[in-house]
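Asks: Input protein_9.cif, format and content: mmCIF, C-alpha atoms.
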data_target
#
loop_
_atom_site.label_atom_id
_atom_site.label_comp_id
_atom_site.auth_asym_id
_atom_site.auth_seq_id
_atom_site.Cartn_x
_atom_site.Cartn_y
_atom_site.Cartn_z
CA MET A 1 4.22 30.31 -6.03
CA LYS A 2 3.81 29.15 -2.45
CA LEU A 3 1.84 31.08 0.13
CA TYR A 4 4.75 31.82 2.46
CA ILE A 5 6.88 33.18 -0.43
CA THR A 6 3.98 35.47 -1.39
CA LEU A 7 3.70 36.73 2.19
CA ILE A 8 7.46 37.36 2.48
CA PHE A 9 7.49 39.28 -0.81
CA GLY A 10 4.28 41.05 0.20
CA VAL A 11 5.77 42.44 3.43
CA LEU A 12 9.05 43.27 1.66
CA PHE A 13 7.29 45.14 -1.17
CA LEU A 14 4.96 46.92 1.25
CA PHE A 15 7.86 48.41 3.20
CA THR A 16 9.89 49.10 0.03
CA GLY A 17 6.96 51.10 -1.33
CA ILE A 18 6.57 53.07 1.89
CA VAL A 19 10.22 53.65 2.85
CA VAL A 20 12.46 53.41 -0.23
CA PHE A 21 10.50 54.94 -3.12
CA PRO A 22 9.58 58.25 -1.41
CA ILE A 23 13.33 58.85 -0.96
CA LEU A 24 13.94 58.39 -4.70
CA GLY A 25 11.18 60.92 -5.40
CA PHE A 26 9.36 61.18 -8.71
CA HIS A 27 7.10 64.21 -8.36
CA ASN A 28 5.80 62.69 -5.12
CA GLU A 29 4.59 59.62 -7.02
CA ARG A 30 5.47 56.04 -6.11
CA PRO A 31 4.83 52.69 -7.72
CA ASP A 32 2.62 50.02 -6.22
CA LEU A 33 4.80 46.93 -5.98
CA LEU A 34 2.03 44.88 -4.37
CA ILE A 35 -0.07 45.22 -7.53
CA ILE A 36 2.85 43.88 -9.60
CA LEU A 37 3.01 40.93 -7.20
CA CYS A 38 -0.74 40.41 -7.60
CA VAL A 39 -0.55 40.33 -11.41
CA TYR A 40 2.50 38.06 -11.27
CA ILE A 41 0.62 35.58 -9.07
CA ILE A 42 -2.43 35.64 -11.35
CA VAL A 43 -0.35 35.05 -14.48
CA TYR A 44 2.08 32.42 -13.21
CA ASN A 45 -0.03 30.41 -10.74
CA ASN A 46 -1.99 27.40 -11.95
CA SER A 47 -4.37 26.86 -9.06
CA ARG A 48 -7.24 29.34 -9.10
CA GLN A 49 -8.03 28.83 -5.41
CA SER A 50 -4.49 29.81 -4.41
CA ILE A 51 -4.63 32.84 -6.76
CA LEU A 52 -7.80 34.08 -5.07
CA LEU A 53 -6.45 33.45 -1.58
CA GLN A 54 -3.04 35.00 -2.22
CA THR A 55 -4.38 38.16 -3.89
CA TRP A 56 -6.87 38.56 -1.04
CA LEU A 57 -4.01 38.31 1.49
CA ILE A 58 -2.00 40.91 -0.45
CA GLY A 59 -5.04 43.19 -0.22
CA LEU A 60 -5.13 42.62 3.54
CA LEU A 61 -1.45 43.56 3.78
CA LYS A 62 -2.28 46.81 2.00
CA ASP A 63 -5.21 47.35 4.37
CA SER A 64 -3.04 47.03 7.44
CA LEU A 65 -1.08 50.26 6.87
CA THR A 66 -3.63 52.56 5.31
CA LEU A 67 -6.34 54.82 6.66
CA ASP A 68 -8.95 53.48 4.25
CA LEU A 69 -11.60 51.13 5.61
CA PHE A 70 -10.01 47.86 6.68
CA GLY A 71 -11.01 45.26 4.08
CA LEU A 72 -11.57 47.67 1.18
CA HIS A 73 -8.30 46.84 -0.59
CA SER A 74 -8.70 43.09 -0.11
CA LEU A 75 -12.14 43.37 -1.73
CA LEU A 76 -10.78 45.43 -4.64
CA CYS A 77 -7.85 43.02 -5.10
CA ILE A 78 -10.06 39.95 -5.23
CA LEU A 79 -12.58 41.54 -7.61
CA LEU A 80 -9.86 42.66 -10.02
CA SER A 81 -8.10 39.29 -9.84
CA TYR A 82 -11.42 37.63 -10.74
CA THR A 83 -11.62 39.76 -13.90
CA LEU A 84 -8.01 38.85 -14.79
CA LEU A 85 -8.74 35.15 -14.22
CA LYS A 86 -11.60 35.44 -16.69
CA LEU A 87 -9.22 37.09 -19.14
CA LYS A 88 -6.66 34.33 -18.57
CA GLN A 89 -9.17 31.75 -19.82
CA THR A 90 -9.23 33.38 -23.24
CA MET A 91 -5.74 34.85 -23.61
CA HIS A 92 -2.12 33.77 -23.26
CA LEU A 93 -0.81 36.22 -20.66
CA THR A 94 2.80 35.16 -20.07
CA ASN A 95 4.22 37.38 -22.83
CA SER A 96 6.28 40.20 -21.25
CA PHE A 97 4.62 42.96 -23.23
CA VAL A 98 1.13 41.68 -22.40
CA LEU A 99 2.18 41.44 -18.74
CA LEU A 100 3.24 45.12 -18.71
CA ILE A 101 -0.03 46.19 -20.33
CA LEU A 102 -1.94 44.14 -17.75
CA ILE A 103 -0.01 45.77 -14.89
CA PHE A 104 -0.76 49.23 -16.31
CA PHE A 105 -4.49 48.60 -16.63
CA TYR A 106 -4.77 46.73 -13.33
CA THR A 107 -3.05 49.61 -11.46
CA PHE A 108 -5.07 52.22 -13.31
CA GLN A 109 -8.37 50.46 -12.59
CA TYR A 110 -7.40 49.91 -8.97
CA TYR A 111 -6.53 53.54 -8.28
CA LEU A 112 -9.38 54.84 -10.41
CA LEU A 113 -11.83 52.90 -8.22
CA ASN A 114 -10.12 54.36 -5.15
CA SER A 115 -10.23 57.88 -6.56
CA ILE A 116 -13.96 57.46 -7.34
CA ILE A 117 -14.53 56.55 -3.66
CA VAL A 118 -12.50 59.62 -2.59
CA TYR A 119 -14.45 61.80 -5.03
CA ILE A 120 -17.79 60.57 -3.67
CA PHE A 121 -16.86 61.22 -0.04
CA CYS A 122 -14.57 64.28 -0.27
CA ASN A 123 -15.18 65.89 -3.68
CA VAL A 124 -11.44 65.75 -4.46
CA ASP A 125 -10.43 64.65 -7.96
CA LEU A 126 -7.52 62.16 -7.90
CA ALA A 127 -7.91 60.54 -11.34
CA ASN A 128 -4.70 62.22 -12.45
CA THR A 129 -2.86 60.47 -9.60
CA ALA A 130 -4.22 57.09 -10.73
CA PHE A 131 -2.78 57.59 -14.21
CA LYS A 132 0.63 58.71 -12.93
CA CYS A 133 0.80 55.83 -10.46
CA ALA A 134 -0.07 53.35 -13.23
CA ILE A 135 2.72 54.68 -15.46
CA TYR A 136 5.29 54.60 -12.66
CA THR A 137 4.26 51.07 -11.64
CA THR A 138 4.61 49.90 -15.25
CA LEU A 139 8.09 51.45 -15.46
CA VAL A 140 9.24 49.64 -12.33
CA ALA A 141 7.50 46.35 -13.23
CA PRO A 142 10.27 44.74 -15.41
CA PHE A 143 12.82 44.96 -12.56
CA THR A 144 10.34 43.67 -9.98
CA ILE A 145 9.30 40.77 -12.23
CA LEU A 146 12.98 39.93 -12.79
CA VAL A 147 13.51 39.73 -9.01
CA LEU A 148 10.38 37.60 -8.60
CA ARG A 149 11.44 35.24 -11.42
CA VAL A 150 14.89 34.77 -9.93
CA PHE A 151 13.59 33.97 -6.45
CA THR A 152 10.59 31.85 -7.42
CA HIS A 153 12.36 29.90 -10.22
CA GLU A 154 9.54 30.45 -12.71
CA PRO A 155 9.96 28.86 -16.17
CA PRO A 156 11.05 31.18 -19.02
CA GLU A 157 8.70 33.17 -21.21
CA GLY A 158 6.64 31.13 -23.68
CA TYR A 159 5.93 28.24 -21.32
CA LEU A 160 2.34 27.16 -21.83
CA TYR A 161 0.12 26.69 -18.82
CA GLU A 162 -3.01 24.66 -18.52
CA VAL A 163 -6.00 26.97 -19.13
CA MET B 1 -14.18 28.42 -13.07
CA LYS B 2 -15.66 25.61 -11.01
CA TYR B 3 -18.45 26.04 -8.46
CA TYR B 4 -16.19 25.72 -5.38
CA GLN B 5 -13.91 28.44 -6.76
CA HIS B 6 -16.93 30.72 -7.03
CA ILE B 7 -17.88 29.85 -3.46
CA LEU B 8 -14.35 30.73 -2.29
CA LEU B 9 -14.54 34.05 -4.15
CA VAL B 10 -17.87 34.94 -2.55
CA CYS B 11 -16.65 33.86 0.93
CA LEU B 12 -13.50 36.01 0.70
CA ALA B 13 -15.49 38.99 -0.59
CA LEU B 14 -17.98 38.60 2.29
CA LEU B 15 -15.12 38.33 4.78
CA SER B 16 -13.74 41.61 3.40
CA CYS B 17 -17.16 43.19 3.92
CA VAL B 18 -17.19 41.95 7.54
CA PHE B 19 -13.74 43.51 8.02
CA MET B 20 -15.06 46.78 6.61
CA PHE B 21 -18.03 46.67 8.98
CA TYR B 22 -15.81 46.14 12.05
CA SER B 23 -13.04 48.27 10.57
CA SER B 24 -12.00 50.08 13.76
CA TYR B 25 -11.38 46.83 15.65
CA PHE B 26 -9.45 45.05 12.89
CA SER B 27 -7.40 48.10 11.89
CA SER B 28 -6.10 48.61 15.45
CA TRP B 29 -5.22 44.93 15.60
CA SER B 30 -3.27 45.13 12.31
CA LEU B 31 -1.51 48.31 13.43
CA THR B 32 -0.41 46.57 16.64
CA SER B 33 1.09 43.68 14.69
CA PHE B 34 3.02 46.01 12.38
CA THR B 35 4.26 48.16 15.26
CA PHE B 36 5.78 45.02 16.71
CA LEU B 37 7.82 44.72 13.48
CA LEU B 38 8.84 48.38 13.50
CA SER B 39 9.70 48.88 17.17
CA ASN B 40 13.27 48.41 18.36
CA PRO B 41 13.95 45.30 20.43
CA GLU B 42 14.84 45.95 24.06
CA LYS B 43 18.54 45.90 24.77
CA LYS B 44 19.80 43.01 26.82
CA GLU B 45 22.67 43.06 29.28
CA VAL B 46 26.05 42.42 27.73
CA LYS B 47 28.10 39.61 29.13
CA GLY B 48 31.80 39.40 28.37
CA ASN B 49 35.16 40.64 29.53
CA LYS B 50 35.78 43.96 31.25
CA ASP B 51 36.72 45.95 28.11
CA GLU B 52 33.60 44.85 26.25
CA ILE B 53 31.37 45.87 29.14
CA ILE B 54 33.12 49.28 29.45
CA SER B 55 32.80 50.03 25.72
CA HIS B 56 29.14 48.99 25.80
CA LEU B 57 28.46 51.24 28.81
CA GLN B 58 30.24 54.15 27.08
CA LYS B 59 27.99 53.72 24.04
CA GLN B 60 24.92 53.65 26.27
CA LEU B 61 26.11 56.81 28.04
CA ALA B 62 26.55 58.60 24.70
CA SER B 63 23.07 57.60 23.53
CA LYS B 64 21.53 58.72 26.86
CA GLN B 65 23.29 62.10 26.56
CA LEU B 66 21.83 62.50 23.07
CA GLU B 67 18.43 61.59 24.47
CA ILE B 68 18.80 64.26 27.18
CA ILE B 69 19.61 66.91 24.55
CA HIS B 70 16.58 65.85 22.54
CA LEU B 71 14.32 65.96 25.62
CA GLN B 72 15.60 69.44 26.48
CA GLN B 73 14.68 70.60 22.97
CA THR B 74 11.26 69.00 23.31
CA LEU B 75 10.72 70.74 26.64
CA ALA B 76 11.67 74.09 25.10
CA ASN B 77 9.16 73.47 22.29
CA ILE B 78 6.40 72.62 24.74
CA GLU B 79 7.10 75.74 26.82
CA ALA B 80 7.07 77.89 23.68
CA LEU B 81 3.74 76.41 22.60
CA GLN B 82 2.20 76.84 26.05
CA LYS B 83 3.33 80.49 26.11
CA GLU B 84 1.49 81.01 22.83
CA ALA B 85 -1.48 79.51 24.71
CA PHE B 86 -3.18 77.74 21.88
CA LEU B 87 -3.85 74.83 24.24
CA ASP B 88 -6.21 74.94 27.17
CA SER B 89 -5.07 73.77 30.61
CA SER B 90 -6.79 70.37 30.35
CA ARG B 91 -4.53 69.37 27.47
CA ASN B 92 -0.96 68.19 27.74
CA LEU B 93 1.73 67.50 25.16
CA ILE B 94 3.83 64.38 24.76
CA SER B 95 6.69 63.75 22.37
CA ALA B 96 6.35 60.94 19.83
CA LYS B 97 8.66 59.40 17.28
CA VAL B 98 7.58 59.02 13.62
CA LEU B 99 7.87 55.33 12.67
CA LEU B 100 6.54 55.40 9.10
CA LYS B 101 6.08 58.54 7.00
CA ARG B 102 3.77 57.26 4.26
CA ASP B 103 0.55 55.39 3.72
CA SER B 104 0.55 52.02 1.90
CA THR B 105 -1.62 53.48 -0.87
CA SER B 106 -0.43 56.44 -2.89
CA HIS B 107 -3.72 58.39 -2.83
CA ARG B 108 -3.85 58.68 0.98
CA ASN B 109 -1.47 60.57 3.26
CA SER B 110 -0.81 59.32 6.75
CA PHE B 111 2.05 58.48 9.09
CA VAL B 112 2.59 56.21 12.08
CA ILE B 113 3.82 57.41 15.50
CA ASN B 114 5.03 55.36 18.44
CA LYS B 115 2.50 56.58 21.01
CA GLY B 116 -0.89 54.97 21.49
CA LYS B 117 -3.72 54.28 23.93
CA ARG B 118 -1.26 53.24 26.63
CA ASP B 119 0.26 56.76 26.61
CA GLY B 120 -3.11 58.49 26.80
CA VAL B 121 -3.52 59.31 23.12
CA GLN B 122 -7.14 59.45 21.96
CA LEU B 123 -8.82 59.51 18.57
CA GLY B 124 -8.82 63.01 17.13
CA ALA B 125 -5.76 64.13 19.14
CA LEU B 126 -3.76 66.89 17.48
CA VAL B 127 -0.27 66.16 16.16
CA THR B 128 2.00 69.18 15.84
CA PHE B 129 5.58 70.08 15.03
CA LYS B 130 6.67 73.39 16.59
CA LYS B 131 3.74 75.66 15.60
CA ASN B 132 2.75 73.61 12.55
CA LEU B 133 -0.30 71.40 12.49
CA LEU B 134 0.61 67.99 11.05
CA GLY B 135 -2.64 66.11 11.45
CA ILE B 136 -5.00 64.29 13.78
CA VAL B 137 -4.87 60.78 15.23
CA SER B 138 -7.19 58.58 13.24
CA LYS B 139 -6.32 54.98 14.13
CA LEU B 140 -5.27 53.78 17.56
CA SER B 141 -3.54 50.76 18.96
CA ALA B 142 -1.97 50.20 22.38
CA LYS B 143 1.55 51.29 21.49
CA SER B 144 1.15 53.25 18.27
CA SER B 145 -1.27 55.35 16.29
CA MET B 146 -1.85 56.39 12.71
CA VAL B 147 -2.15 60.08 11.95
CA LEU B 148 -4.24 61.62 9.19
CA HIS B 149 -1.92 64.18 7.55
CA VAL B 150 -3.23 67.65 6.68
CA SER B 151 -2.80 66.89 2.96
CA ASP B 152 -5.04 63.80 3.05
CA PRO B 153 -8.16 64.19 0.85
CA TYR B 154 -10.37 63.43 3.88
CA MET B 155 -8.94 66.40 5.80
CA HIS B 156 -10.95 69.64 5.80
CA ILE B 157 -9.53 72.37 8.05
CA PRO B 158 -11.11 75.80 8.59
CA VAL B 159 -8.35 78.34 7.97
CA PHE B 160 -7.83 82.01 7.49
CA LEU B 161 -5.28 83.50 5.19
CA MET B 162 -2.60 85.85 6.51
CA VAL B 163 -0.98 87.86 3.75
CA LYS B 164 2.13 90.00 3.93
CA LYS B 165 2.06 92.99 1.65
CA GLN B 166 4.29 96.06 1.86
CA GLN B 167 5.55 95.06 5.33
CA ALA B 168 1.99 94.85 6.66
CA PHE B 169 -0.08 91.79 7.52
CA THR B 170 -3.66 91.42 6.33
CA ILE B 171 -6.01 88.69 7.49
CA TYR B 172 -8.64 87.54 5.04
CA ASP B 173 -11.92 85.79 5.73
CA GLU B 174 -12.22 82.13 6.57
CA GLY B 175 -11.96 79.34 4.04
CA ILE B 176 -11.56 75.58 4.03
CA CYS B 177 -8.17 73.95 3.47
CA VAL B 178 -8.79 70.69 1.61
CA GLY B 179 -6.09 68.02 1.23
CA GLN B 180 -5.17 67.13 -2.34
CA SER B 181 -2.90 64.15 -1.57
CA LYS B 182 0.84 64.20 -2.49
CA GLN B 183 1.60 66.57 0.42
CA LYS B 184 -0.40 69.44 -1.06
CA CYS B 185 -3.60 71.23 -0.09
CA LYS B 186 -5.90 73.82 -1.61
CA ILE B 187 -7.93 76.61 -0.02
CA LYS B 188 -11.56 76.67 -1.09
CA PHE B 189 -14.54 78.92 -0.36
CA ILE B 190 -12.43 81.93 0.65
CA GLN B 191 -13.49 85.47 -0.04
CA TRP B 192 -10.51 86.59 -2.06
CA PHE B 193 -10.41 90.02 -3.61
CA ALA B 194 -8.55 90.10 -6.89
CA GLU B 195 -5.88 92.73 -6.69
CA LYS B 196 -3.27 93.77 -9.18
CA ALA B 197 -0.20 93.03 -7.11
CA LEU B 198 0.26 89.54 -5.72
CA PRO B 199 1.37 89.37 -2.07
CA GLU B 200 4.99 88.69 -1.04
CA ALA B 201 4.09 85.86 1.26
CA ALA B 202 1.01 84.19 2.62
CA VAL B 203 0.38 81.67 5.38
CA ALA B 204 -2.68 79.55 6.15
CA LEU B 205 -3.55 79.46 9.86
CA THR B 206 -6.23 77.46 11.62
CA SER B 207 -9.20 79.70 12.39
CA GLY B 208 -10.59 77.74 15.34
CA PHE B 209 -14.04 77.48 13.74
CA GLY B 210 -15.95 74.47 15.06
CA ASN B 211 -13.51 74.09 17.98
CA ARG B 212 -11.93 71.02 16.45
CA TYR B 213 -8.59 72.72 15.79
CA PRO B 214 -7.29 75.47 18.07
CA GLN B 215 -6.78 78.89 16.56
CA GLY B 216 -3.42 80.04 15.23
CA LEU B 217 -1.66 76.85 14.19
CA ILE B 218 0.22 77.01 10.89
CA VAL B 219 -1.17 74.70 8.19
CA GLY B 220 1.32 75.70 5.49
CA ASN B 221 2.75 78.35 3.22
CA VAL B 222 0.39 79.52 0.51
CA THR B 223 1.39 80.08 -3.09
CA ILE B 224 -0.96 82.33 -5.01
CA LYS B 225 -1.13 82.02 -8.77
CA LYS B 226 -3.21 83.79 -11.34
CA SER B 227 -5.16 81.51 -13.64
CA THR B 228 -7.56 82.13 -16.48
CA THR B 229 -10.32 79.88 -17.69
CA GLN B 230 -13.01 80.32 -20.29
CA ARG B 231 -15.81 80.37 -17.74
CA GLU B 232 -14.21 82.64 -15.16
CA LYS B 233 -12.02 85.11 -16.94
CA GLN B 234 -9.49 85.36 -14.15
CA HIS B 235 -9.21 83.63 -10.82
CA TYR B 236 -6.56 82.81 -8.24
CA LEU B 237 -5.28 79.41 -7.24
CA LEU B 238 -4.46 79.19 -3.53
CA ASN B 239 -2.21 76.16 -3.05
CA VAL B 240 -0.95 75.28 0.41
CA ASN B 241 2.38 73.54 0.99
CA PRO B 242 2.45 71.95 4.45
CA ILE B 243 5.73 71.31 6.24
CA ALA B 244 7.64 68.38 4.63
CA LEU B 245 7.34 65.16 6.60
CA ASP B 246 10.67 63.80 5.37
CA LYS B 247 12.68 66.06 7.68
CA ILE B 248 10.61 65.38 10.79
CA TYR B 249 11.51 62.63 13.25
CA ASN B 250 9.77 63.76 16.45
CA VAL B 251 6.32 65.29 16.81
CA MET B 252 4.08 66.50 19.62
CA VAL B 253 0.76 64.86 20.44
CA THR B 254 -1.92 66.45 22.63
CA VAL B 255 -3.31 64.22 25.36
CA ASN B 256 -5.84 64.88 28.08
CA GLN B 257 -4.27 65.20 31.53
CA ASP B 258 -7.02 63.11 33.17
CA VAL B 259 -6.41 60.20 30.81
CA ARG B 260 -2.66 60.25 31.50
CA LYS B 261 -3.24 60.11 35.26
#
Would you write out, as structure tokens, the structure that this file holds?
Replies:
Amino acid sequence: MKLYITLIFGVLFLFTGIVVFPILGFHNERPDLLIILCVYIIVYNNSRQSILLQTWLIGLLKDSLTLDLFGLHSLLCILLSYTLLKLKQTMHLTNSFVLLILIFFYTFQYYLLNSIIVYIFCNVDLANTAFKCAIYTTLVAPFTILVLRVFTHEPPEGYLYEV
Amino acid sequence: MKYYQHILLVCLALLSCVFMFYSSYFSSWSLTSFTFLLSNPEKKEVKGNKDEIISHLQKQLASKQLEIIHLQQTLANIEALQKEAFLDSSRNLISAKVLLKRDSTSHRNSFVINKGKRDGVQLGALVTFKKNLLGIVSKLSAKSSMVLHVSDPYMHIPVFLMVKKQQAFTIYDEGICVGQSKQKCKIKFIQWFAEKALPEAAVALTSGFGNRYPQGLIVGNVTIKKSTTQREKQHYLLNVNPIALDKIYNVMVTVNQDVRK
């Protein structure tokens, strides 16, 4: 996936997450489409340098419209993508079911780390939110991946990549 | 992974750390760039035949009339607030439009307004809607600012509880209203006397403690529920529901008069 396509989808997903999903309403929860994009890039990109760069840029996009410290999300994104890259060396990740499980755990870890930071500074427990967000993101993931596959012309499931 | 990939990883992580260190500078820069995307482009003059120009001018007239009505409402709100005198004379109110109503992450609660440094807004400025407190300005750029909503986990507001019971109002001692994300808050550390009958209605108002928030602004309606746990046999949960952001399009921001001049 090329860098400019990632950026276009990044901005699109950022605004979809902020504007569209709150209108649909699911107990005030909303999925994180940027995390789906991150996992998609990690799984379907061959070049590790571009994976690291693109996930870092997605993190920066997230940073731009949040009140958290600028740079925190890019750091979290790159650290989690490093762990997934390590996993990719030992496992075949392009299976749809595996992809959904990855998205669930990636989102859960991501928001759990965030909720730990919030707990340290404010003594407010948000672990429950992390779990709900992970479930909602996983539910939305198949449709988002379908859109990404159509627009990026990725090969069908089962295609073996160089590890 | 090869050595240069590790170097890239470390460089990007270090760059993120630098961003975090100079967070205030970079965040205002990013907010400026996104405001450029969100703001409406300025209308250009229409060139064409007579009918096209007339219809365009009629549309403009209609939109200006709507704007006048909106400004009149805003003025009435400001006058009402100044009569209540929760603001001192050095503070002034300006109207702002809400550009985005959510944060990019789901555990934080913030919104973006179209007034910034250029309009005299400063960090920590109060954002209100009628007599409700919505939040404080937490990130600033030239033309826009990001507001920390009352339900954000980083928000701690000193409040007192006003309870209506048998047509009479009772004011309880001070407590702290802590944001719980998802547009909800909780009141902690309040001296609450367990009584048999639950009140008909309760409202959380800012107490003015610490002089950060003026006294008497509404934080939200309070729902009181009985709850039992093994440790404490019976206790009360005081949940605060702030005003819903989805129905709000214009808010008021406090600015210092000197800065505006």
Asks: Please tell me which residues are no farther than 12 Å from (-2.9, 47.5, -14.8) in the file, counting all atoms listed in the file, and write them as number ranges by chain.
Replies: A: 31-40, 77, 80-81, 83-84, 98-112, 130-139, 141
Asks: Output as CSV one row per residue of chain A within 7 Å of chain B: the closest atom pair and its distance in Å to one decimal place, counting all atoms listed in the file, sorted by chain and residue number ascending.
Replies:
residue,atom,partner,partner_atom,distance
A:Leu14,CA,B:Ser104,CA,6.8
A:Ile18,CA,B:Arg102,CA,5.6
A:Asn28,CA,B:Lys182,CA,5.8
A:Arg30,CA,B:Ser106,CA,6.7
A:Gln49,CA,B:Gln5,CA,6.0
A:Leu52,CA,B:Leu9,CA,6.8
A:Lys62,CA,B:Ser104,CA,5.9
A:Ser64,CA,B:Ser30,CA,5.2
A:Leu65,CA,B:Ser104,CA,5.5
A:Thr66,CA,B:Asp103,CA,5.3
A:Leu69,CA,B:Met20,CA,5.6
A:Phe70,CA,B:Ser23,CA,4.9
A:Gly71,CA,B:Ser16,CA,4.6
A:Leu72,CA,B:Met20,CA,6.5
A:Ser74,CA,B:Ser16,CA,6.3
A:Leu75,CA,B:Ala13,CA,5.6
A:Cys122,CA,B:Tyr154,CA,6.0
A:Val124,CA,B:Pro153,CA,6.4
Asks: Within 10 Å of Ile51 of chain A, counting all atoms listed in the file, which residues show up once you throw out same-chain ones fewer than 5 positions away? Write them as a list in words, please.
Replies: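 Surrounding residues, per the criterion: Met1, Leu3, Cys38, Val39, Tyr40, Ile41, Ile42, Val43, Tyr44, Asn45, Asn46, Trp56, Leu57, Ile78, Ser81, Tyr82 and Leu85 of chain A.
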Asks: Please, what distance in Å, to one decimal, runs between atom CA of Thr6 of chain A and atom CA of Arg149 of chain A?
Replies: 12.5 Å
Asks: Counting all atoms listed in the file, what is within 7 Å of Leu133 of chain B, bar same-chain residues fewer than 3 positions away, as a short mmCIF file (atom, residue, chain, number, x, y, z; two decimals) with C-alpha atoms, keeping the file's coordinate frame?
Replies:
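Once everything was written out, this is selection-v9.cif:
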data_model
loop_
_atom_site.label_atom_id
_atom_site.label_comp_id
_atom_site.auth_asym_id
_atom_site.auth_seq_id
_atom_site.Cartn_x
_atom_site.Cartn_y
_atom_site.Cartn_z
CA VAL B 127 -0.27 66.16 16.16
CA THR B 128 2.00 69.18 15.84
CA PHE B 129 5.58 70.08 15.03
CA LEU B 217 -1.66 76.85 14.19
CA ILE B 218 0.22 77.01 10.89
CA VAL B 219 -1.17 74.70 8.19
#
Asks: List as a PyMOL selection string the protein and nucleic acid residues near Tyr4 of chain A, meaning an atom at most 10 Å away when all atoms listed in the file are counted, but skip any in the same chain fewer than 5 places from it.
Replies: chain A and resi 9-10+54
Asks: List the residues selected by the PyMOL selection byres ((chain B and resi 159-166) around 9) in the file shown, writing them as a compact mmCIF listing (two decimals) with C-alpha atoms, in the frame of the given file.
Replies:
# COMPACT_ATOMS: atom_id res chain seq x y z
CA ILE B 157 -9.53 72.37 8.05
CA PRO B 158 -11.11 75.80 8.59
CA GLN B 167 5.55 95.06 5.33
CA ALA B 168 1.99 94.85 6.66
CA PHE B 169 -0.08 91.79 7.52
CA THR B 170 -3.66 91.42 6.33
CA ILE B 171 -6.01 88.69 7.49
CA TYR B 172 -8.64 87.54 5.04
CA ASP B 173 -11.92 85.79 5.73
CA GLU B 174 -12.22 82.13 6.57
CA GLY B 175 -11.96 79.34 4.04
CA ILE B 176 -11.56 75.58 4.03
CA CYS B 177 -8.17 73.95 3.47
CA ILE B 187 -7.93 76.61 -0.02
CA ILE B 190 -12.43 81.93 0.65
CA LEU B 198 0.26 89.54 -5.72
CA PRO B 199 1.37 89.37 -2.07
CA GLU B 200 4.99 88.69 -1.04
CA ALA B 201 4.09 85.86 1.26
CA ALA B 202 1.01 84.19 2.62
CA VAL B 203 0.38 81.67 5.38
CA ALA B 204 -2.68 79.55 6.15
CA LEU B 205 -3.55 79.46 9.86
CA THR B 206 -6.23 77.46 11.62
CA SER B 207 -9.20 79.70 12.39
CA GLY B 208 -10.59 77.74 15.34
CA PHE B 209 -14.04 77.48 13.74
CA GLN B 215 -6.78 78.89 16.56
CA GLY B 216 -3.42 80.04 15.23
CA VAL B 219 -1.17 74.70 8.19
CA VAL B 222 0.39 79.52 0.51
Asks: So how far away is atom CA of Phe15 of chain A from atom CA of His73 of chain A, in Å?
Replies: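 Value for the atom CA of His73 of chain A-atom CA of Phe15 of chain A distance: 16.7 Å.
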Asks: State, in Å with one decimal place, the distance from atom CA of Ser145 of chain B to atom CA of Leu245 of chain B.
Replies: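 Straight-line distance from atom CA of Ser145 of chain B to atom CA of Leu245 of chain B works out to 16.3 Å.
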Asks: Run through the PyMOL selection byres ((chain B and resi 251) around 9) on the given coordinates and return the selected residues as a PyMOL selection string.
Replies: chain B and resi 74+94-98+113+127-130+134+248-250+252-253
Asks: Next, the residues of the selection above should be written as a JSON list (two decimals), keeping the file's coordinate frame with C-alpha atoms.
Replies:
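Dumped everything to again02.json:
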[["chain", "number", "residue", "atom", "x", "y", "z"],
["B", 74, "THR", "CA", 11.26, 69.00, 23.31],
["B", 94, "ILE", "CA", 3.83, 64.38, 24.76],
["B", 95, "SER", "CA", 6.69, 63.75, 22.37],
["B", 96, "ALA", "CA", 6.35, 60.94, 19.83],
["B", 97, "LYS", "CA", 8.66, 59.40, 17.28],
["B", 98, "VAL", "CA", 7.58, 59.02, 13.62],
["B", 113, "ILE", "CA", 3.82, 57.41, 15.50],
["B", 127, "VAL", "CA", -0.27, 66.16, 16.16],
["B", 128, "THR", "CA", 2.00, 69.18, 15.84],
["B", 129, "PHE", "CA", 5.58, 70.08, 15.03],
["B", 130, "LYS", "CA", 6.67, 73.39, 16.59],
["B", 134, "LEU", "CA", 0.61, 67.99, 11.05],
["B", 248, "ILE", "CA", 10.61, 65.38, 10.79],
["B", 249, "TYR", "CA", 11.51, 62.63, 13.25],
["B", 250, "ASN", "CA", 9.77, 63.76, 16.45],
["B", 252, "MET", "CA", 4.08, 66.50, 19.62],
["B", 253, "VAL", "CA", 0.76, 64.86, 20.44]]
Asks: Rank nothing, just name the residue among A:Leu60, A:Val140, A:Leu76, A:Ser115 nearest to Phe21 of chain A, using all atoms listed in the file.
Replies: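 Among the listed residues, A:Val140 lies closest to Phe21 of chain A.
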